[in-house]
>>> print(open('protein.pdb').read())   # PDB, C-alpha atoms and all ligand atoms
ATOM      1  CA  MET A   1     -35.385 -12.234   1.252
ATOM      2  CA  ARG A   2     -32.154 -12.543   3.219
ATOM      3  CA  ALA A   3     -29.029 -11.213   1.591
ATOM      4  CA  SER A   4     -27.279 -14.577   1.798
ATOM      5  CA  THR A   5     -30.110 -16.297  -0.139
ATOM      6  CA  ARG A   6     -30.068 -13.660  -2.840
ATOM      7  CA  LEU A   7     -26.290 -13.920  -3.197
ATOM      8  CA  TRP A   8     -26.373 -17.698  -3.415
ATOM      9  CA  LYS A   9     -29.031 -17.651  -6.140
ATOM     10  CA  SER A  10     -27.085 -15.246  -8.316
ATOM     11  CA  SER A  11     -23.733 -16.872  -7.809
ATOM     12  CA  SER A  12     -23.579 -19.179 -10.832
ATOM     13  CA  GLY A  13     -24.392 -16.339 -13.234
ATOM     14  CA  SER A  14     -21.908 -14.038 -11.599
ATOM     15  CA  SER A  15     -19.278 -16.818 -11.525
ATOM     16  CA  ASN A  16     -19.603 -17.220 -15.276
ATOM     17  CA  ARG A  17     -19.319 -13.484 -15.759
ATOM     18  CA  TRP A  18     -16.304 -13.443 -13.448
ATOM     19  CA  LEU A  19     -14.613 -16.273 -15.361
ATOM     20  CA  ALA A  20     -15.239 -14.580 -18.701
ATOM     21  CA  ARG A  21     -13.897 -11.297 -17.361
ATOM     22  CA  GLN A  22     -10.799 -13.010 -15.924
ATOM     23  CA  GLN A  23     -10.035 -14.681 -19.257
ATOM     24  CA  GLN A  24     -10.185 -11.351 -21.080
ATOM     25  CA  ASP A  25      -8.345  -9.323 -18.465
ATOM     26  CA  PRO A  26      -4.844  -8.397 -19.727
ATOM     27  CA  TYR A  27      -3.541  -7.952 -16.170
ATOM     28  CA  VAL A  28      -4.711 -11.401 -15.123
ATOM     29  CA  ARG A  29      -2.914 -12.823 -18.185
ATOM     30  CA  LEU A  30       0.241 -10.893 -17.290
ATOM     31  CA  ARG A  31       0.083 -12.163 -13.725
ATOM     32  CA  THR A  32      -0.326 -15.790 -14.694
ATOM     33  CA  SER A  33       2.119 -15.797 -17.576
ATOM     34  CA  PRO A  34       5.586 -14.628 -16.538
ATOM     35  CA  SER A  35       6.888 -14.923 -20.080
ATOM     36  CA  SER A  36       4.331 -12.420 -21.312
ATOM     37  CA  SER A  37       5.313  -9.883 -18.683
ATOM     38  CA  SER A  38       6.683  -6.587 -19.940
ATOM     39  CA  SER A  39       9.849  -7.352 -18.001
ATOM     40  CA  SER A  40      12.054 -10.356 -18.514
ATOM     41  CA  SER A  41      12.773 -10.432 -14.781
ATOM     42  CA  PRO A  42      10.986 -13.256 -12.982
ATOM     43  CA  ALA A  43      10.468 -10.769 -10.146
ATOM     44  CA  GLU A  44       8.094  -8.883 -12.435
ATOM     45  CA  SER A  45       5.602 -11.725 -12.589
ATOM     46  CA  TYR A  46       3.294 -11.029  -9.723
ATOM     47  CA  ARG A  47       1.066 -12.995  -7.452
ATOM     48  CA  SER A  48      -1.876 -10.704  -7.892
ATOM     49  CA  ARG A  49      -3.523  -8.646 -10.574
ATOM     50  CA  SER A  50      -3.575  -5.883  -8.009
ATOM     51  CA  ALA A  51       0.219  -5.584  -8.247
ATOM     52  CA  PHE A  52      -0.151  -3.718 -11.548
ATOM     53  CA  LYS A  53      -2.131  -0.996  -9.790
ATOM     54  CA  LEU A  54       0.829  -0.314  -7.528
ATOM     55  CA  VAL A  55       3.248  -0.446 -10.465
ATOM     56  CA  SER A  56       1.125   2.234 -12.096
ATOM     57  CA  LEU A  57       0.891   4.384  -8.949
ATOM     58  CA  ALA A  58       4.628   4.088  -8.304
ATOM     59  CA  ALA A  59       5.372   5.163 -11.875
ATOM     60  CA  LYS A  60       3.329   8.311 -11.352
ATOM     61  CA  TYR A  61       4.581   8.911  -7.784
ATOM     62  CA  PRO A  62       8.179   7.609  -7.693
ATOM     63  CA  ALA A  63       8.707   8.837  -4.143
ATOM     64  CA  LEU A  64       6.351   6.101  -2.912
ATOM     65  CA  LEU A  65       8.853   3.334  -3.536
ATOM     66  CA  SER A  66      12.561   3.842  -4.049
ATOM     67  CA  ARG A  67      15.692   2.155  -2.877
ATOM     68  CA  GLY A  68      16.240   2.091   0.870
ATOM     69  CA  LYS A  69      12.644   2.841   1.818
ATOM     70  CA  ALA A  70      10.914   1.213   4.757
ATOM     71  CA  VAL A  71       7.458   0.176   3.643
ATOM     72  CA  VAL A  72       4.507  -1.306   5.515
ATOM     73  CA  ASP A  73       2.039  -3.133   3.264
ATOM     74  CA  LEU A  74      -1.365  -3.581   4.929
ATOM     75  CA  GLY A  75      -3.720  -6.155   3.466
ATOM     76  CA  ALA A  76      -0.778  -7.708   1.657
ATOM     77  CA  ALA A  77      -1.933 -11.228   0.731
ATOM     78  CA  PRO A  78      -1.345 -12.924  -1.623
ATOM     79  CA  GLY A  79       1.642 -10.584  -1.942
ATOM     80  CA  GLY A  80       1.631  -8.710  -5.248
ATOM     81  CA  TRP A  81       2.115  -5.258  -3.702
ATOM     82  CA  SER A  82       4.853  -6.594  -1.423
ATOM     83  CA  GLN A  83       6.669  -8.006  -4.455
ATOM     84  CA  VAL A  84       6.518  -4.629  -6.187
ATOM     85  CA  ALA A  85       7.602  -2.864  -2.987
ATOM     86  CA  ILE A  86      10.596  -5.090  -2.262
ATOM     87  CA  ASN A  87      11.713  -4.974  -5.903
ATOM     88  CA  ARG A  88      11.825  -1.188  -5.778
ATOM     89  CA  SER A  89      12.612  -0.405  -2.157
ATOM     90  CA  GLY A  90      14.747  -3.079  -0.675
ATOM     91  CA  SER A  91      17.440  -5.572  -1.176
ATOM     92  CA  SER A  92      16.148  -9.115  -1.231
ATOM     93  CA  GLY A  93      19.436 -10.434   0.020
ATOM     94  CA  PRO A  94      20.153 -11.872   3.430
ATOM     95  CA  GLY A  95      19.747  -9.480   6.348
ATOM     96  CA  SER A  96      17.040  -7.317   4.875
ATOM     97  CA  ASP A  97      14.364  -9.116   6.814
ATOM     98  CA  GLY A  98      15.824  -8.485  10.243
ATOM     99  CA  GLU A  99      13.708  -6.554  12.686
ATOM    100  CA  GLY A 100      16.070  -3.777  13.743
ATOM    101  CA  GLY A 101      16.640  -0.506  11.951
ATOM    102  CA  ALA A 102      13.846  -0.659   9.442
ATOM    103  CA  ARG A 103      15.181   2.213   7.338
ATOM    104  CA  SER A 104      18.803   1.184   7.182
ATOM    105  CA  ARG A 105      18.553  -1.110   4.146
ATOM    106  CA  GLY A 106      15.029  -0.694   2.954
ATOM    107  CA  LYS A 107      12.518  -3.259   3.986
ATOM    108  CA  VAL A 108       8.938  -4.317   3.579
ATOM    109  CA  ILE A 109       6.644  -5.492   6.347
ATOM    110  CA  ALA A 110       3.544  -7.254   5.047
ATOM    111  CA  VAL A 111       0.443  -7.643   7.207
ATOM    112  CA  ASP A 112      -2.662  -9.650   6.416
ATOM    113  CA  ILE A 113      -5.391 -11.470   8.251
ATOM    114  CA  SER A 114      -4.907 -14.309   5.754
ATOM    115  CA  PRO A 115      -1.778 -16.411   5.390
ATOM    116  CA  MET A 116       0.763 -15.428   2.756
ATOM    117  CA  GLU A 117       3.589 -17.369   1.145
ATOM    118  CA  PRO A 118       7.067 -16.015   1.964
ATOM    119  CA  ILE A 119       8.735 -13.422  -0.268
ATOM    120  CA  PRO A 120      12.515 -12.975   0.083
ATOM    121  CA  GLY A 121      13.272  -9.813   2.023
ATOM    122  CA  VAL A 122       9.682  -9.288   3.202
ATOM    123  CA  SER A 123       8.728  -9.734   6.872
ATOM    124  CA  ILE A 124       5.231 -11.162   7.104
ATOM    125  CA  LEU A 125       2.848 -10.753  10.004
ATOM    126  CA  LYS A 126      -0.440 -12.635   9.979
ATOM    127  CA  GLY A 127      -3.165 -10.935  11.960
ATOM    128  CA  ASP A 128      -6.197  -8.691  12.014
ATOM    129  CA  PHE A 129      -4.973  -5.139  11.592
ATOM    130  CA  LEU A 130      -8.078  -3.820  13.324
ATOM    131  CA  THR A 131      -6.772  -5.253  16.619
ATOM    132  CA  LEU A 132      -4.479  -3.192  18.837
ATOM    133  CA  GLY A 133      -2.185  -6.171  19.478
ATOM    134  CA  VAL A 134      -1.385  -6.551  15.779
ATOM    135  CA  GLN A 135      -0.855  -2.806  15.345
ATOM    136  CA  ARG A 136       1.515  -2.806  18.331
ATOM    137  CA  ARG A 137       3.440  -5.725  16.855
ATOM    138  CA  VAL A 138       3.830  -3.933  13.507
ATOM    139  CA  ARG A 139       5.118  -0.833  15.292
ATOM    140  CA  GLU A 140       7.690  -2.987  17.096
ATOM    141  CA  MET A 141       8.790  -4.525  13.796
ATOM    142  CA  VAL A 142       9.074  -1.103  12.210
ATOM    143  CA  GLY A 143      11.284   0.686  14.627
ATOM    144  CA  GLY A 144      12.464  -1.815  17.167
ATOM    145  CA  ARG A 145      11.573   0.748  19.802
ATOM    146  CA  GLY A 146       7.913   1.582  20.390
ATOM    147  CA  GLY A 147       6.748   4.806  18.820
ATOM    148  CA  GLU A 148       9.745   5.420  16.589
ATOM    149  CA  ARG A 149       8.816   7.037  13.315
ATOM    150  CA  GLY A 150      10.678   4.768  10.956
ATOM    151  CA  VAL A 151       8.344   4.239   8.028
ATOM    152  CA  ASP A 152       8.689   5.974   4.677
ATOM    153  CA  THR A 153       5.572   4.574   3.037
ATOM    154  CA  VAL A 154       2.395   2.956   4.339
ATOM    155  CA  LEU A 155       0.421   1.085   1.703
ATOM    156  CA  SER A 156      -3.087  -0.144   2.371
ATOM    157  CA  ASP A 157      -4.917  -2.279  -0.152
ATOM    158  CA  MET A 158      -7.019  -3.774   2.653
ATOM    159  CA  MET A 159     -10.496  -4.830   1.701
ATOM    160  CA  ALA A 160     -12.928  -6.679   3.927
ATOM    161  CA  PRO A 161     -14.842  -9.594   2.412
ATOM    162  CA  MET A 162     -18.044  -8.265   0.871
ATOM    163  CA  SER A 163     -21.135  -9.280   2.805
ATOM    164  CA  GLY A 164     -23.556  -7.974   0.204
ATOM    165  CA  VAL A 165     -25.144  -5.736   2.827
ATOM    166  CA  ARG A 166     -24.179  -2.282   1.605
ATOM    167  CA  GLY A 167     -24.236  -0.478   4.944
ATOM    168  CA  ARG A 168     -22.043  -3.131   6.533
ATOM    169  CA  ASP A 169     -19.599  -3.209   3.622
ATOM    170  CA  VAL A 170     -19.242   0.574   3.576
ATOM    171  CA  GLN A 171     -18.622   0.622   7.317
ATOM    172  CA  ALA A 172     -16.012  -2.154   7.052
ATOM    173  CA  SER A 173     -14.195  -0.199   4.349
ATOM    174  CA  LEU A 174     -14.276   2.998   6.411
ATOM    175  CA  ASP A 175     -12.956   1.113   9.466
ATOM    176  CA  LEU A 176      -9.990  -0.238   7.494
ATOM    177  CA  CYS A 177      -9.256   3.169   5.965
ATOM    178  CA  GLY A 178      -9.446   4.826   9.382
ATOM    179  CA  ALA A 179      -7.171   2.261  11.043
ATOM    180  CA  ALA A 180      -4.564   2.520   8.274
ATOM    181  CA  ALA A 181      -4.626   6.337   8.366
ATOM    182  CA  GLU A 182      -4.235   6.420  12.138
ATOM    183  CA  PHE A 183      -1.351   3.973  11.961
ATOM    184  CA  GLY A 184       0.330   5.997   9.223
ATOM    185  CA  ARG A 185       0.103   9.142  11.318
ATOM    186  CA  GLU A 186       1.897   7.329  14.137
ATOM    187  CA  VAL A 187       4.756   5.755  12.212
ATOM    188  CA  LEU A 188       5.517   7.904   9.170
ATOM    189  CA  VAL A 189       8.685   9.931   8.968
ATOM    190  CA  VAL A 190       7.922  13.621   9.486
ATOM    191  CA  GLY A 191       9.058  15.943   6.700
ATOM    192  CA  GLY A 192      12.107  17.968   7.576
ATOM    193  CA  GLN A 193      12.894  15.763  10.582
ATOM    194  CA  GLU A 194      15.880  14.090   9.008
ATOM    195  CA  GLY A 195      16.430  16.213   5.944
ATOM    196  CA  GLU A 196      14.473  16.003   2.751
ATOM    197  CA  ASP A 197      16.086  13.054   1.129
ATOM    198  CA  HIS A 198      14.257  10.151   2.741
ATOM    199  CA  GLY A 199      14.677   6.573   1.922
ATOM    200  CA  HIS A 200      18.078   6.272   0.334
ATOM    201  CA  GLY A 201      19.573   4.150   3.038
ATOM    202  CA  ASP A 202      22.603   3.086   1.067
ATOM    203  CA  GLY A 203      23.498   6.596   0.017
ATOM    204  CA  GLY A 204      22.821   5.784  -3.612
ATOM    205  CA  PRO A 205      20.740   7.894  -5.941
ATOM    206  CA  ALA A 206      16.984   7.750  -5.725
ATOM    207  CA  GLU A 207      15.618   5.197  -8.093
ATOM    208  CA  ALA A 208      12.100   5.004  -9.306
ATOM    209  CA  HIS A 209      10.795   2.262 -11.489
ATOM    210  CA  GLY A 210      14.296   1.355 -12.548
ATOM    211  CA  GLU A 211      15.261   4.811 -13.759
ATOM    212  CA  GLU A 212      17.573   7.178 -11.986
ATOM    213  CA  VAL A 213      16.037  10.420 -10.779
ATOM    214  CA  LYS A 214      17.853  13.436  -9.392
ATOM    215  CA  LYS A 215      16.388  15.771  -6.809
ATOM    216  CA  THR A 216      16.846  19.500  -6.853
ATOM    217  CA  GLU A 217      15.190  21.893  -4.413
ATOM    218  CA  GLY A 218      12.485  19.447  -3.414
ATOM    219  CA  LYS A 219      11.802  18.394  -6.999
ATOM    220  CA  ILE A 220      12.935  15.436  -8.997
ATOM    221  CA  ALA A 221      13.586  15.075 -12.669
ATOM    222  CA  LYS A 222      10.736  15.079 -15.181
ATOM    223  CA  GLY A 223       8.836  17.675 -13.202
ATOM    224  CA  ARG A 224       7.603  15.293 -10.521
ATOM    225  CA  LYS A 225       7.415  17.070  -7.209
ATOM    226  CA  VAL A 226       8.723  15.381  -4.090
ATOM    227  CA  TYR A 227       7.312  16.391  -0.735
ATOM    228  CA  PRO A 228       9.522  15.835   2.286
ATOM    229  CA  GLY A 229       8.135  13.299   4.769
ATOM    230  CA  GLY A 230       6.483   9.904   4.574
ATOM    231  CA  ASN A 231       3.797   8.875   2.105
ATOM    232  CA  MET A 232       0.661   6.796   2.307
ATOM    233  CA  VAL A 233      -1.559   5.005  -0.196
ATOM    234  CA  LEU A 234      -5.050   4.098   1.018
ATOM    235  CA  LYS A 235      -7.610   2.073  -0.873
ATOM    236  CA  PHE A 236     -11.173   3.255  -0.447
ATOM    237  CA  PHE A 237     -14.578   2.622  -1.920
ATOM    238  CA  ALA A 238     -16.475   5.720  -2.941
ATOM    239  CA  HIS A 239     -18.773   6.967  -0.215
ATOM    240  CA  PRO A 240     -20.005  10.468   0.718
ATOM    241  CA  ASP A 241     -18.398  10.224   4.195
ATOM    242  CA  LEU A 242     -14.974   9.987   2.599
ATOM    243  CA  GLU A 243     -14.878  13.662   1.685
ATOM    244  CA  ALA A 244     -15.018  14.518   5.396
ATOM    245  CA  PHE A 245     -12.462  11.785   6.102
ATOM    246  CA  ARG A 246     -10.100  13.298   3.548
ATOM    247  CA  LYS A 247     -10.539  16.824   4.906
ATOM    248  CA  GLU A 248     -10.250  15.919   8.596
ATOM    249  CA  GLU A 249      -8.038  12.838   8.761
ATOM    250  CA  LEU A 250      -5.660  13.286   5.837
ATOM    251  CA  GLU A 251      -5.293  16.819   4.498
ATOM    252  CA  PRO A 252      -4.192  18.503   7.751
ATOM    253  CA  TRP A 253      -1.374  15.957   8.108
ATOM    254  CA  PHE A 254       0.026  15.767   4.591
ATOM    255  CA  ALA A 255       1.439  18.321   2.188
ATOM    256  CA  LYS A 256      -0.647  16.911  -0.672
ATOM    257  CA  VAL A 257      -3.549  14.482  -0.888
ATOM    258  CA  SER A 258      -4.777  13.289  -4.281
ATOM    259  CA  VAL A 259      -7.157  10.618  -5.507
ATOM    260  CA  GLU A 260      -6.104   8.092  -8.125
ATOM    261  CA  LYS A 261      -7.921   5.336  -9.917
ATOM    262  CA  PRO A 262      -5.208   3.428 -11.749
ATOM    263  CA  LYS A 263      -6.158   2.188 -15.210
ATOM    264  CA  GLU A 264      -5.675  -1.359 -13.929
ATOM    265  CA  SER A 265      -8.551  -0.863 -11.468
ATOM    266  CA  ARG A 266     -11.758  -2.223 -12.947
ATOM    267  CA  SER A 267     -13.980   0.561 -14.181
ATOM    268  CA  GLU A 268     -17.103  -0.969 -12.664
ATOM    269  CA  SER A 269     -15.517  -0.955  -9.200
ATOM    270  CA  SER A 270     -15.933   2.126  -7.009
ATOM    271  CA  GLU A 271     -12.469   1.570  -5.574
ATOM    272  CA  ALA A 272      -9.852   4.304  -5.751
ATOM    273  CA  TYR A 273      -6.790   5.319  -3.757
ATOM    274  CA  PHE A 274      -5.865   8.308  -1.650
ATOM    275  CA  ILE A 275      -2.252   9.241  -2.368
ATOM    276  CA  CYS A 276      -0.990  11.175   0.640
ATOM    277  CA  GLN A 277       2.418  12.761   0.151
ATOM    278  CA  GLY A 278       4.749  14.570   2.518
ATOM    279  CA  PHE A 279       3.729  13.714   6.074
ATOM    280  CA  LYS A 280       3.951  16.909   8.121
ATOM    281  CA  GLY A 281       3.197  15.524  11.582
ATOM    282  CA  PRO A 282       0.280  16.567  13.766
ATOM    283  CA  PRO A 283      -1.459  19.810  12.838
ATOM    284  CA  THR A 284      -0.799  22.568  15.356
ATOM    285  CA  GLY A 285      -2.409  21.856  18.703
ATOM    286  CA  GLN A 286      -3.313  18.286  17.838
ATOM    287  CA  LYS A 287      -1.818  15.037  19.067
ATOM    288  CA  THR A 288      -1.066  12.075  16.804
TER     289      THR A 288
HETATM  290  C1  LIG B   1      -7.362  -6.765  -2.418
HETATM  291  S1  LIG B   1      -6.581  -7.853  -1.298
HETATM  292  C2  LIG B   1      -4.926  -7.269  -1.302
HETATM  293  C3  LIG B   1      -4.131  -7.693  -2.497
HETATM  294  C4  LIG B   1      -2.664  -7.360  -2.347
HETATM  295  N1  LIG B   1      -2.431  -5.925  -2.353
HETATM  296  C5  LIG B   1      -1.841  -7.983  -3.439
HETATM  297  O1  LIG B   1      -1.369  -7.271  -4.324
HETATM  298  O2  LIG B   1      -1.627  -9.196  -3.392
HETATM  299  C6  LIG B   1      -7.172  -7.264   0.239
HETATM  300  C7  LIG B   1      -6.552  -7.948   1.443
HETATM  301  O3  LIG B   1      -6.970  -7.269   2.629
HETATM  302  C8  LIG B   1      -6.927  -8.227   3.671
HETATM  303  N2  LIG B   1      -7.629  -7.756   4.859
HETATM  304  C9  LIG B   1      -8.949  -7.473   4.967
HETATM  305  N3  LIG B   1      -9.245  -7.123   6.227
HETATM  306  C10 LIG B   1      -8.082  -7.164   6.922
HETATM  307  C11 LIG B   1      -7.747  -6.903   8.285
HETATM  308  N4  LIG B   1      -8.677  -6.528   9.175
HETATM  309  N5  LIG B   1      -6.459  -7.053   8.670
HETATM  310  C12 LIG B   1      -5.518  -7.433   7.771
HETATM  311  N6  LIG B   1      -5.784  -7.707   6.477
HETATM  312  C13 LIG B   1      -7.054  -7.571   6.052
HETATM  313  C14 LIG B   1      -7.565  -9.448   3.013
HETATM  314  O4  LIG B   1      -7.269 -10.628   3.705
HETATM  315  C15 LIG B   1      -6.987  -9.407   1.612
HETATM  316  O5  LIG B   1      -5.872 -10.256   1.494
END
>>> encode(input="protein.pdb", output="structure tokens")
Amino acid sequence: MRASTRLWKSSSGSSNRWLARQQQDPYVRLRTSPSSSSSSSPAESYRSRSAFKLVSLAAKYPALLSRGKAVVDLGAAPGGWSQVAINRSGSSGPGSDGEGGARSRGKVIAVDISPMEPIPGVSILKGDFLTLGVQRRVREMVGGRGGERGVDTVLSDMMAPMSGVRGRDVQASLDLCGAAAEFGREVLVVGGQEGEDHGHGDGGPAEAHGEEVKKTEGKIAKGRKVYPGGNMVLKFFAHPDLEAFRKEELEPWFAKVSVEKPKESRSESSEAYFICQGFKGPPTGQKT
């Protein structure tokens, strides 16, 4: 039986299950009901359920998103992660969506193959991130000058549409992970390059999740360690090849690589996130 036939036959049952799950999902209710959000700010009602995963990750790793940071959000549509990122990293006022000097005010560049409604302060690029032309365009938007390392945080929540053919889906996920990691290695700020205190473009104190944090000797308050250099968050779907990917493509480049499955991520999904902190630049003897 062809995969497409099998999928079609099971779709009404799985649609019902999906609907039931959506109705019971607290994060879906939060997303669709601004008044029930934990924050009274309208900016805290998000376009996607997925936004709550980033809220959770940013609470645990405040260095990912703080005021003045330049953030690239890959696989951004419909825009939940970009909303979280611009709320924490940038000003949404006029001028923050210009293309020059990405790190001067904090900004978010959102990339997706699908269209996305505008978000104040977020620059949106529609295109397939697996194409070199789109990657080149993002690099231009980031630094204004090709090759400049101007990005504090690369986020990738990219996920290819599921075909139902496991081998193909795994490969698509690995391709997206690989492309995001390679891009991150090209654009992230290198630790120590411009001092430790990255991402506070307006000279103000670091802010994480609304609370002030103070850095001392590479650490910030509440015992959370900050690693100098850019950071990256990569969505992946569990697969044996990813251990080699982590060891070869991530760990040599970053001070610390961890795996997180936020509580908002559905338990039945094999998705999780690599949290890569403190970009160190190319390992000795290796080019970007
Ligand atoms: C799980 S959704 C992202 C949700 C988003 N983080 C949010 O909070 O709204 C995954 C996204 O990856 C995008 N995507 C998949 N393949 C892509 C590609 N090759 N280039 C750019 N975006 C891609 C999809 O279009 C989809 O919008």
>>> resolve_selection(input="protein.pdb", expression="the PyMOL selection byres (((not hetatm)) within 9 of (chain B and resi 1))", output="VMD selection string")
chain A and resid 46 to 54 73 to 84 111 to 116 126 to 131 134 155 to 161 172 to 173 175 to 176 235
>>> write_last_selection(input="protein.pdb", atoms="C-alpha atoms", output="PDB file, keeping the file's coordinate frame")
ATOM      1  CA  TYR A  46       3.294 -11.029  -9.723  1.00  0.00           C
ATOM      2  CA  ARG A  47       1.066 -12.995  -7.452  1.00  0.00           C
ATOM      3  CA  SER A  48      -1.876 -10.704  -7.892  1.00  0.00           C
ATOM      4  CA  ARG A  49      -3.523  -8.646 -10.574  1.00  0.00           C
ATOM      5  CA  SER A  50      -3.575  -5.883  -8.009  1.00  0.00           C
ATOM      6  CA  ALA A  51       0.219  -5.584  -8.247  1.00  0.00           C
ATOM      7  CA  PHE A  52      -0.151  -3.718 -11.548  1.00  0.00           C
ATOM      8  CA  LYS A  53      -2.131  -0.996  -9.790  1.00  0.00           C
ATOM      9  CA  LEU A  54       0.829  -0.314  -7.528  1.00  0.00           C
ATOM     10  CA  ASP A  73       2.039  -3.133   3.264  1.00  0.00           C
ATOM     11  CA  LEU A  74      -1.365  -3.581   4.929  1.00  0.00           C
ATOM     12  CA  GLY A  75      -3.720  -6.155   3.466  1.00  0.00           C
ATOM     13  CA  ALA A  76      -0.778  -7.708   1.657  1.00  0.00           C
ATOM     14  CA  ALA A  77      -1.933 -11.228   0.731  1.00  0.00           C
ATOM     15  CA  PRO A  78      -1.345 -12.924  -1.623  1.00  0.00           C
ATOM     16  CA  GLY A  79       1.642 -10.584  -1.942  1.00  0.00           C
ATOM     17  CA  GLY A  80       1.631  -8.710  -5.248  1.00  0.00           C
ATOM     18  CA  TRP A  81       2.115  -5.258  -3.702  1.00  0.00           C
ATOM     19  CA  SER A  82       4.853  -6.594  -1.423  1.00  0.00           C
ATOM     20  CA  GLN A  83       6.669  -8.006  -4.455  1.00  0.00           C
ATOM     21  CA  VAL A  84       6.518  -4.629  -6.187  1.00  0.00           C
ATOM     22  CA  VAL A 111       0.443  -7.643   7.207  1.00  0.00           C
ATOM     23  CA  ASP A 112      -2.662  -9.650   6.416  1.00  0.00           C
ATOM     24  CA  ILE A 113      -5.391 -11.470   8.251  1.00  0.00           C
ATOM     25  CA  SER A 114      -4.907 -14.309   5.754  1.00  0.00           C
ATOM     26  CA  PRO A 115      -1.778 -16.411   5.390  1.00  0.00           C
ATOM     27  CA  MET A 116       0.763 -15.428   2.756  1.00  0.00           C
ATOM     28  CA  LYS A 126      -0.440 -12.635   9.979  1.00  0.00           C
ATOM     29  CA  GLY A 127      -3.165 -10.935  11.960  1.00  0.00           C
ATOM     30  CA  ASP A 128      -6.197  -8.691  12.014  1.00  0.00           C
ATOM     31  CA  PHE A 129      -4.973  -5.139  11.592  1.00  0.00           C
ATOM     32  CA  LEU A 130      -8.078  -3.820  13.324  1.00  0.00           C
ATOM     33  CA  THR A 131      -6.772  -5.253  16.619  1.00  0.00           C
ATOM     34  CA  VAL A 134      -1.385  -6.551  15.779  1.00  0.00           C
ATOM     35  CA  LEU A 155       0.421   1.085   1.703  1.00  0.00           C
ATOM     36  CA  SER A 156      -3.087  -0.144   2.371  1.00  0.00           C
ATOM     37  CA  ASP A 157      -4.917  -2.279  -0.152  1.00  0.00           C
ATOM     38  CA  MET A 158      -7.019  -3.774   2.653  1.00  0.00           C
ATOM     39  CA  MET A 159     -10.496  -4.830   1.701  1.00  0.00           C
ATOM     40  CA  ALA A 160     -12.928  -6.679   3.927  1.00  0.00           C
ATOM     41  CA  PRO A 161     -14.842  -9.594   2.412  1.00  0.00           C
ATOM     42  CA  ALA A 172     -16.012  -2.154   7.052  1.00  0.00           C
ATOM     43  CA  SER A 173     -14.195  -0.199   4.349  1.00  0.00           C
ATOM     44  CA  ASP A 175     -12.956   1.113   9.466  1.00  0.00           C
ATOM     45  CA  LEU A 176      -9.990  -0.238   7.494  1.00  0.00           C
ATOM     46  CA  LYS A 235      -7.610   2.073  -0.873  1.00  0.00           C
TER      47      LYS A 235
END
>>> atom_distance(input="protein.pdb", atom1="atom CA of A:Gln277", atom2="atom CA of A:Ala59")
14.5 Å
>>> closest_residue(input="protein.pdb", among="A:Gly167, A:Pro283, A:Gly191, A:Gly106", to="A:Val226", atoms="only C-alpha atoms")
A:Gly191
>>> residues_around(input="protein.pdb", residues="stretch 268-276 of chain A", least_positions_apart="2", cutoff="10 Å", atoms="all atoms listed in the file", output="PyMOL selection string")
chain A and resi 53+57+61+64+153-157+159+177+181+227+230-239+246+250-251+253-262+265-266+278-279
>>> closest_residue(input="protein.pdb", among="A:Glu186, A:Glu264, A:Glu248, A:Glu243", to="A:Arg149", atoms="only C-alpha atoms")
A:Glu186
>>> atom_distance(input="protein.pdb", atom1="atom CA of A:Phe245", atom2="atom CA of A:Gly178")
8.3 Å
>>> closest_residue(input="protein.pdb", among="A:Ala179, A:Arg136, A:Arg224, A:Met141", to="A:Lys60", atoms="all atoms listed in the file")
A:Arg224
>>> atom_distance(input="protein.pdb", atom1="atom CA of A:Leu132", atom2="atom CA of A:Glu182")
11.7 Å
